[in-house]
Amino acid sequence: MKRLNSQLQHDGAPLELILLIRTLLAGCKEISFRVSQGALAGVLGSTLSENVQGETQKKLDVISNQILKDTLRDSGYVKAISSEEEDTVVPCNPEGNYLVSFDPLDGSSNTEINSLIGTIFSITHAPQWMEADDPSAFLQPGTQMVAAGYVLYGPSTMLAMTTGRGTHIYTLDKTHGGFLLTHPNVKVPEETKEFAINTSNERHWEEPVKNYIGDLLAGTEGPRGKDYNMRWVAAMVGDIHRVLCRGGIFMYPFDKRNPSKPGKLRLLYEANPMAFLMEQAGGLANTGHGRIMEVMPKEIHQRVPTILGSKEEVETCLTYYQTDK
Ligand code: F6P
Ligand code: MN
């Protein structure tokens with residue numbers, strides 16, 4: 001089975017980027033080990049602190065963030081990092097050529113129930129002009145990413161990654177510590193009968209989403225003429241993995257509750273990397289009003305509404321926004 005290194009070379013990734021990705025993944029392997037120890041290592045539960053977004057941090061959020069921060073800072077390849085768990089950007093090597101953004105532990109509430117969690121990351125070039133502590137360099141649209149992916153800590157540890165030449169999925173072989181290419185060039189089926197959305201938020205949705213989900217729920221008796229099934233892992237990384245593997249539509253739409261949070265998911269750490277993976281696998285990623293990867297970030301922790309998945313299903317969903325039917 002092909003190893004990560006040879007696939008990255010095959011895809012034309014420059015040597016320094018390959019070395020950076022390998023360094024980042026070394027950190028993820030450590031997180032994978034800590035996560036697998038669970039209650040035995042005393043890593044479960046919450047800390048007494050909140051992150052910049054007002055969410056109580058789990059111990060594993062803090063540990064995972066620290067592992068990635070230390071690993072990337074020591075590598076020399078990185079000029080600065082931005083993390084969901086940091087208030088602002090973390091300066092690294094002023095001579096580094098890359099910027100890395102990450103959600104160190106997506107779905108961390110799932111740690112309490114030994115369910116799916118993961119690390120989501122993206123990499124862009126560091127502009128020459130930037131100072132290492134300058135957050136404005138991170139305010140680039142997703143189209144500027146040179147690599148993105150996630151590591152899923154499940155029954156097996158898997159990596160989904162793209163450098164812009166298709167989306168490939170690898171499985172960590174814990175006997176020798178390498179990621180092996182188990183699902184080359186994944187293609188998301190264009191049609192689906194599966195959707196993922198937190199329906200308990202229905203009263204806060206806008207009309208297009210209410211109407212679209214209403215038509216899915218109507219099944220064979222409704223305008224879509226088929227029965228749908230619903231799945232919700234409550235970790236984006238788990239839901240997106242399912243959609244990449246067997247199709248579906250995943251949504252965290254605009255929410256009327258708080259105008260300063262026009263969606264739950266963060267553009268830099270969650271929406272953009274998943275959008276890159278989805279598009280490279282033939283799927284679509286949209287906010288309802290445009291391509292996610294073309295959103296110009298205004299601040300590093302910005303949130304966006306997200307609709308990702310099977311091409312035809314996302315296109316159908318978007319027609320509800322166009323006509324407001
Ligand atoms: O990181 C935010 C996140 O945990 C996602 O991973 C997940 O898709 C979503 O929030 C779950 O939201 P809710 O609490 O509405 O189920
Ligand atoms: Mn997350």
# chains A, B, ... in the order shown; residues from 1 in each chain; ligands from 1

call {"tool": "residues_around", "arguments": {"residues": "A:Phe179", "least_positions_apart": "2", "cutoff": "7 Å", "atoms": "only C-alpha atoms", "output": "PyMOL selection string"}}
result
chain A and resi 3-4+170-173+177+181

call {"tool": "closest_atom_pairs", "arguments": {"of": "stretch 44-161 of chain A", "to": "stretch 11-27 of chain A", "cutoff": "9 Å", "atoms": "only C-alpha atoms", "output": "Markdown table"}}
result
| residue | atom | partner | partner_atom | distance |
| --- | --- | --- | --- | --- |
| A:Ser64 | CA | A:Gly27 | CA | 8.3 |
| A:Ile67 | CA | A:Gly27 | CA | 6.0 |
| A:Leu68 | CA | A:Gly27 | CA | 5.4 |
| A:Lys69 | CA | A:Gly27 | CA | 8.8 |
| A:Asp70 | CA | A:Gly27 | CA | 8.6 |
| A:Thr71 | CA | A:Gly27 | CA | 6.1 |
| A:Leu72 | CA | A:Leu24 | CA | 6.5 |
| A:Ser75 | CA | A:Thr23 | CA | 7.0 |
| A:Gly76 | CA | A:Leu20 | CA | 8.9 |
| A:Tyr77 | CA | A:Leu20 | CA | 6.3 |
| A:Val78 | CA | A:Leu20 | CA | 7.9 |
| A:Asn97 | CA | A:Glu16 | CA | 8.8 |
| A:Tyr98 | CA | A:Leu17 | CA | 8.3 |
| A:Ile123 | CA | A:Ile21 | CA | 8.9 |
| A:Val146 | CA | A:Leu17 | CA | 8.7 |
| A:Ala147 | CA | A:Leu17 | CA | 8.6 |
| A:Val151 | CA | A:Leu25 | CA | 8.3 |
| A:Leu159 | CA | A:Leu25 | CA | 9.0 |

call {"tool": "closest_atom_pairs", "arguments": {"of": "chain A", "to": "ligand 2", "cutoff": "10 Å", "atoms": "only C-alpha atoms and all ligand atoms", "output": "JSON lines"}}
result
{"residue": "A:Asp61", "atom": "CA", "partner": "ligand 2", "partner_atom_place_in_ligand_line": "1 (Mn)", "distance": 9.9}
{"residue": "A:Glu84", "atom": "CA", "partner": "ligand 2", "partner_atom_place_in_ligand_line": "1 (Mn)", "distance": 7.8}
{"residue": "A:Glu85", "atom": "CA", "partner": "ligand 2", "partner_atom_place_in_ligand_line": "1 (Mn)", "distance": 9.9}
{"residue": "A:Phe102", "atom": "CA", "partner": "ligand 2", "partner_atom_place_in_ligand_line": "1 (Mn)", "distance": 9.2}
{"residue": "A:Asp103", "atom": "CA", "partner": "ligand 2", "partner_atom_place_in_ligand_line": "1 (Mn)", "distance": 5.7}
{"residue": "A:Pro104", "atom": "CA", "partner": "ligand 2", "partner_atom_place_in_ligand_line": "1 (Mn)", "distance": 7.9}
{"residue": "A:Leu105", "atom": "CA", "partner": "ligand 2", "partner_atom_place_in_ligand_line": "1 (Mn)", "distance": 6.5}
{"residue": "A:Asp106", "atom": "CA", "partner": "ligand 2", "partner_atom_place_in_ligand_line": "1 (Mn)", "distance": 3.6}
{"residue": "A:Gly107", "atom": "CA", "partner": "ligand 2", "partner_atom_place_in_ligand_line": "1 (Mn)", "distance": 5.5}
{"residue": "A:Ser108", "atom": "CA", "partner": "ligand 2", "partner_atom_place_in_ligand_line": "1 (Mn)", "distance": 7.5}
{"residue": "A:Ser109", "atom": "CA", "partner": "ligand 2", "partner_atom_place_in_ligand_line": "1 (Mn)", "distance": 9.9}
{"residue": "A:Ile117", "atom": "CA", "partner": "ligand 2", "partner_atom_place_in_ligand_line": "1 (Mn)", "distance": 8.9}
{"residue": "A:Gly118", "atom": "CA", "partner": "ligand 2", "partner_atom_place_in_ligand_line": "1 (Mn)", "distance": 8.5}
{"residue": "A:Thr119", "atom": "CA", "partner": "ligand 2", "partner_atom_place_in_ligand_line": "1 (Mn)", "distance": 8.3}
{"residue": "A:Ile120", "atom": "CA", "partner": "ligand 2", "partner_atom_place_in_ligand_line": "1 (Mn)", "distance": 7.9}
{"residue": "A:Ala234", "atom": "CA", "partner": "ligand 2", "partner_atom_place_in_ligand_line": "1 (Mn)", "distance": 9.6}
{"residue": "A:Ala235", "atom": "CA", "partner": "ligand 2", "partner_atom_place_in_ligand_line": "1 (Mn)", "distance": 7.0}
{"residue": "A:Met236", "atom": "CA", "partner": "ligand 2", "partner_atom_place_in_ligand_line": "1 (Mn)", "distance": 6.7}
{"residue": "A:Val237", "atom": "CA", "partner": "ligand 2", "partner_atom_place_in_ligand_line": "1 (Mn)", "distance": 7.9}
{"residue": "A:Lys264", "atom": "CA", "partner": "ligand 2", "partner_atom_place_in_ligand_line": "1 (Mn)", "distance": 9.2}
{"residue": "A:Leu265", "atom": "CA", "partner": "ligand 2", "partner_atom_place_in_ligand_line": "1 (Mn)", "distance": 7.0}
{"residue": "A:Arg266", "atom": "CA", "partner": "ligand 2", "partner_atom_place_in_ligand_line": "1 (Mn)", "distance": 7.7}
{"residue": "A:Tyr269", "atom": "CA", "partner": "ligand 2", "partner_atom_place_in_ligand_line": "1 (Mn)", "distance": 7.5}
{"residue": "A:Glu270", "atom": "CA", "partner": "ligand 2", "partner_atom_place_in_ligand_line": "1 (Mn)", "distance": 6.4}
{"residue": "A:Ala271", "atom": "CA", "partner": "ligand 2", "partner_atom_place_in_ligand_line": "1 (Mn)", "distance": 9.6}

call {"tool": "write_last_selection", "arguments": {"atoms": "N, CA, C and O atoms", "output": "tab-separated table (two decimals), in the first residue's frame"}}
result
chain	number	residue	atom	x	y	z
A	61	ASP	N	-8.87	19.47	24.69
A	61	ASP	CA	-8.71	20.63	23.80
A	61	ASP	C	-7.37	21.29	24.08
A	61	ASP	O	-6.61	21.63	23.17
A	84	GLU	N	-8.18	27.55	16.97
A	84	GLU	CA	-9.48	27.82	17.59
A	84	GLU	C	-9.33	28.03	19.10
A	84	GLU	O	-10.13	28.71	19.71
A	85	GLU	N	-8.30	27.46	19.69
A	85	GLU	CA	-8.14	27.54	21.15
A	85	GLU	C	-7.20	28.66	21.59
A	85	GLU	O	-6.85	28.75	22.77
A	102	PHE	N	-5.68	25.69	12.69
A	102	PHE	CA	-6.25	24.40	13.06
A	102	PHE	C	-7.29	24.47	14.17
A	102	PHE	O	-7.29	25.39	14.99
A	103	ASP	N	-8.17	23.48	14.13
A	103	ASP	CA	-9.06	23.16	15.25
A	103	ASP	C	-8.42	21.92	15.87
A	103	ASP	O	-8.50	20.83	15.30
A	104	PRO	N	-7.75	22.06	17.03
A	104	PRO	CA	-6.96	20.93	17.54
A	104	PRO	C	-7.79	19.71	17.88
A	104	PRO	O	-7.34	18.58	17.68
A	105	LEU	N	-9.02	19.93	18.38
A	105	LEU	CA	-9.85	18.77	18.73
A	105	LEU	C	-11.31	19.08	18.45
A	105	LEU	O	-12.04	19.57	19.32
A	106	ASP	N	-11.71	18.79	17.23
A	106	ASP	CA	-13.10	19.04	16.84
A	106	ASP	C	-14.02	18.00	17.49
A	106	ASP	O	-13.68	16.82	17.56
A	107	GLY	N	-15.18	18.48	17.96
A	107	GLY	CA	-16.17	17.57	18.56
A	107	GLY	C	-15.78	17.12	19.94
A	107	GLY	O	-16.15	16.03	20.38
A	108	SER	N	-15.03	17.98	20.68
A	108	SER	CA	-14.41	17.49	21.92
A	108	SER	C	-15.42	17.03	22.97
A	108	SER	O	-15.06	16.26	23.86
A	109	SER	N	-16.70	17.45	22.86
A	109	SER	CA	-17.67	16.94	23.84
A	109	SER	C	-17.87	15.42	23.65
A	109	SER	O	-18.32	14.73	24.57
A	117	ILE	N	-13.92	12.10	17.26
A	117	ILE	CA	-13.32	13.42	17.39
A	117	ILE	C	-12.19	13.52	16.36
A	117	ILE	O	-11.80	12.49	15.79
A	118	GLY	N	-11.65	14.72	16.16
A	118	GLY	CA	-10.57	14.82	15.18
A	118	GLY	C	-9.87	16.16	15.22
A	118	GLY	O	-10.30	17.08	15.90
A	119	THR	N	-8.79	16.25	14.46
A	119	THR	CA	-8.05	17.50	14.28
A	119	THR	C	-8.25	17.98	12.85
A	119	THR	O	-8.13	17.17	11.92
A	120	ILE	N	-8.58	19.26	12.67
A	120	ILE	CA	-8.79	19.80	11.31
A	120	ILE	C	-7.72	20.88	11.08
A	120	ILE	O	-7.47	21.70	11.96
A	234	ALA	N	-22.40	15.05	15.74
A	234	ALA	CA	-22.07	16.17	16.64
A	234	ALA	C	-20.58	16.43	16.71
A	234	ALA	O	-20.10	17.05	17.65
A	235	ALA	N	-19.85	15.93	15.74
A	235	ALA	CA	-18.46	16.33	15.50
A	235	ALA	C	-18.38	16.49	14.00
A	235	ALA	O	-18.59	15.52	13.26
A	236	MET	N	-18.09	17.72	13.55
A	236	MET	CA	-18.08	17.96	12.10
A	236	MET	C	-17.19	16.96	11.39
A	236	MET	O	-17.50	16.47	10.30
A	237	VAL	N	-16.06	16.66	12.03
A	237	VAL	CA	-15.09	15.78	11.41
A	237	VAL	C	-15.70	14.39	11.14
A	237	VAL	O	-15.44	13.78	10.09
A	264	LYS	N	-22.40	28.36	13.29
A	264	LYS	CA	-21.63	27.91	14.45
A	264	LYS	C	-20.17	27.66	14.09
A	264	LYS	O	-19.27	27.84	14.91
A	265	LEU	N	-19.94	27.24	12.86
A	265	LEU	CA	-18.61	26.73	12.51
A	265	LEU	C	-17.67	27.85	12.06
A	265	LEU	O	-18.10	28.85	11.48
A	266	ARG	N	-16.41	27.66	12.34
A	266	ARG	CA	-15.41	28.70	12.06
A	266	ARG	C	-14.86	28.53	10.66
A	266	ARG	O	-14.50	27.43	10.25
A	269	TYR	N	-10.88	27.39	10.68
A	269	TYR	CA	-10.48	26.11	11.28
A	269	TYR	C	-11.35	24.94	10.86
A	269	TYR	O	-10.95	23.79	11.02
A	270	GLU	N	-12.56	25.23	10.39
A	270	GLU	CA	-13.49	24.14	10.09
A	270	GLU	C	-14.03	24.21	8.66
A	270	GLU	O	-13.87	23.27	7.88
A	271	ALA	N	-14.67	25.34	8.32
A	271	ALA	CA	-15.37	25.40	7.03
A	271	ALA	C	-14.41	25.33	5.83
A	271	ALA	O	-14.61	24.55	4.90

call {"tool": "closest_residue", "arguments": {"among": "A:Leu116, A:Ala275, A:Met293, A:Leu8", "to": "ligand 1", "atoms": "only C-alpha atoms and all ligand atoms"}}
result
A:Leu116

call {"tool": "select_by_dssp", "arguments": {"residues": "stretch 94-304 of chain A", "states": "strand (DSSP E)", "output": "PyMOL selection string"}}
result
chain A and resi 98-106+117-125+147-153+157-162+167-173+178-183+194-196+229-230+249-252+265-266+284-286+303-304

call {"tool": "closest_residue", "arguments": {"among": "A:Val52, A:Ile249, A:Leu284, A:Ile240", "to": "ligand 1", "atoms": "only C-alpha atoms and all ligand atoms"}}
result
A:Ile240

call {"tool": "residues_around", "arguments": {"residues": "stretch 32-49 of chain A", "least_positions_apart": "5", "cutoff": "7 Å", "atoms": "only C-alpha atoms", "output": "NGL selection string"}}
result
:A and (56-60 or 111-112 or 153)

call {"tool": "atom_distance", "arguments": {"atom1": "atom CA of A:Gly309", "atom2": "atom CA of A:Val100"}}
result
24.5 Å

call {"tool": "residues_around", "arguments": {"residues": "stretch 215-224 of chain A", "least_positions_apart": "2", "cutoff": "12 Å", "atoms": "only C-alpha atoms", "output": "PyMOL selection string"}}
result
chain A and resi 192-197+199+208-213+226-230+249+313+316-317+320+325

call {"tool": "select_by_dssp", "arguments": {"residues": "stretch 113-281 of chain A", "states": "helix (DSSP H, G or I)", "output": "JSON, numbers by chain"}}
result
{"A": [113, 135, 136, 137, 138, 142, 143, 144, 199, 200, 201, 202, 203, 204, 207, 208, 209, 210, 211, 212, 213, 214, 215, 216, 217, 219, 220, 221, 236, 237, 238, 239, 240, 241, 242, 243, 244, 245, 246, 267, 268, 269, 270, 271, 272, 273, 274, 275, 276, 277, 278, 279, 280]}
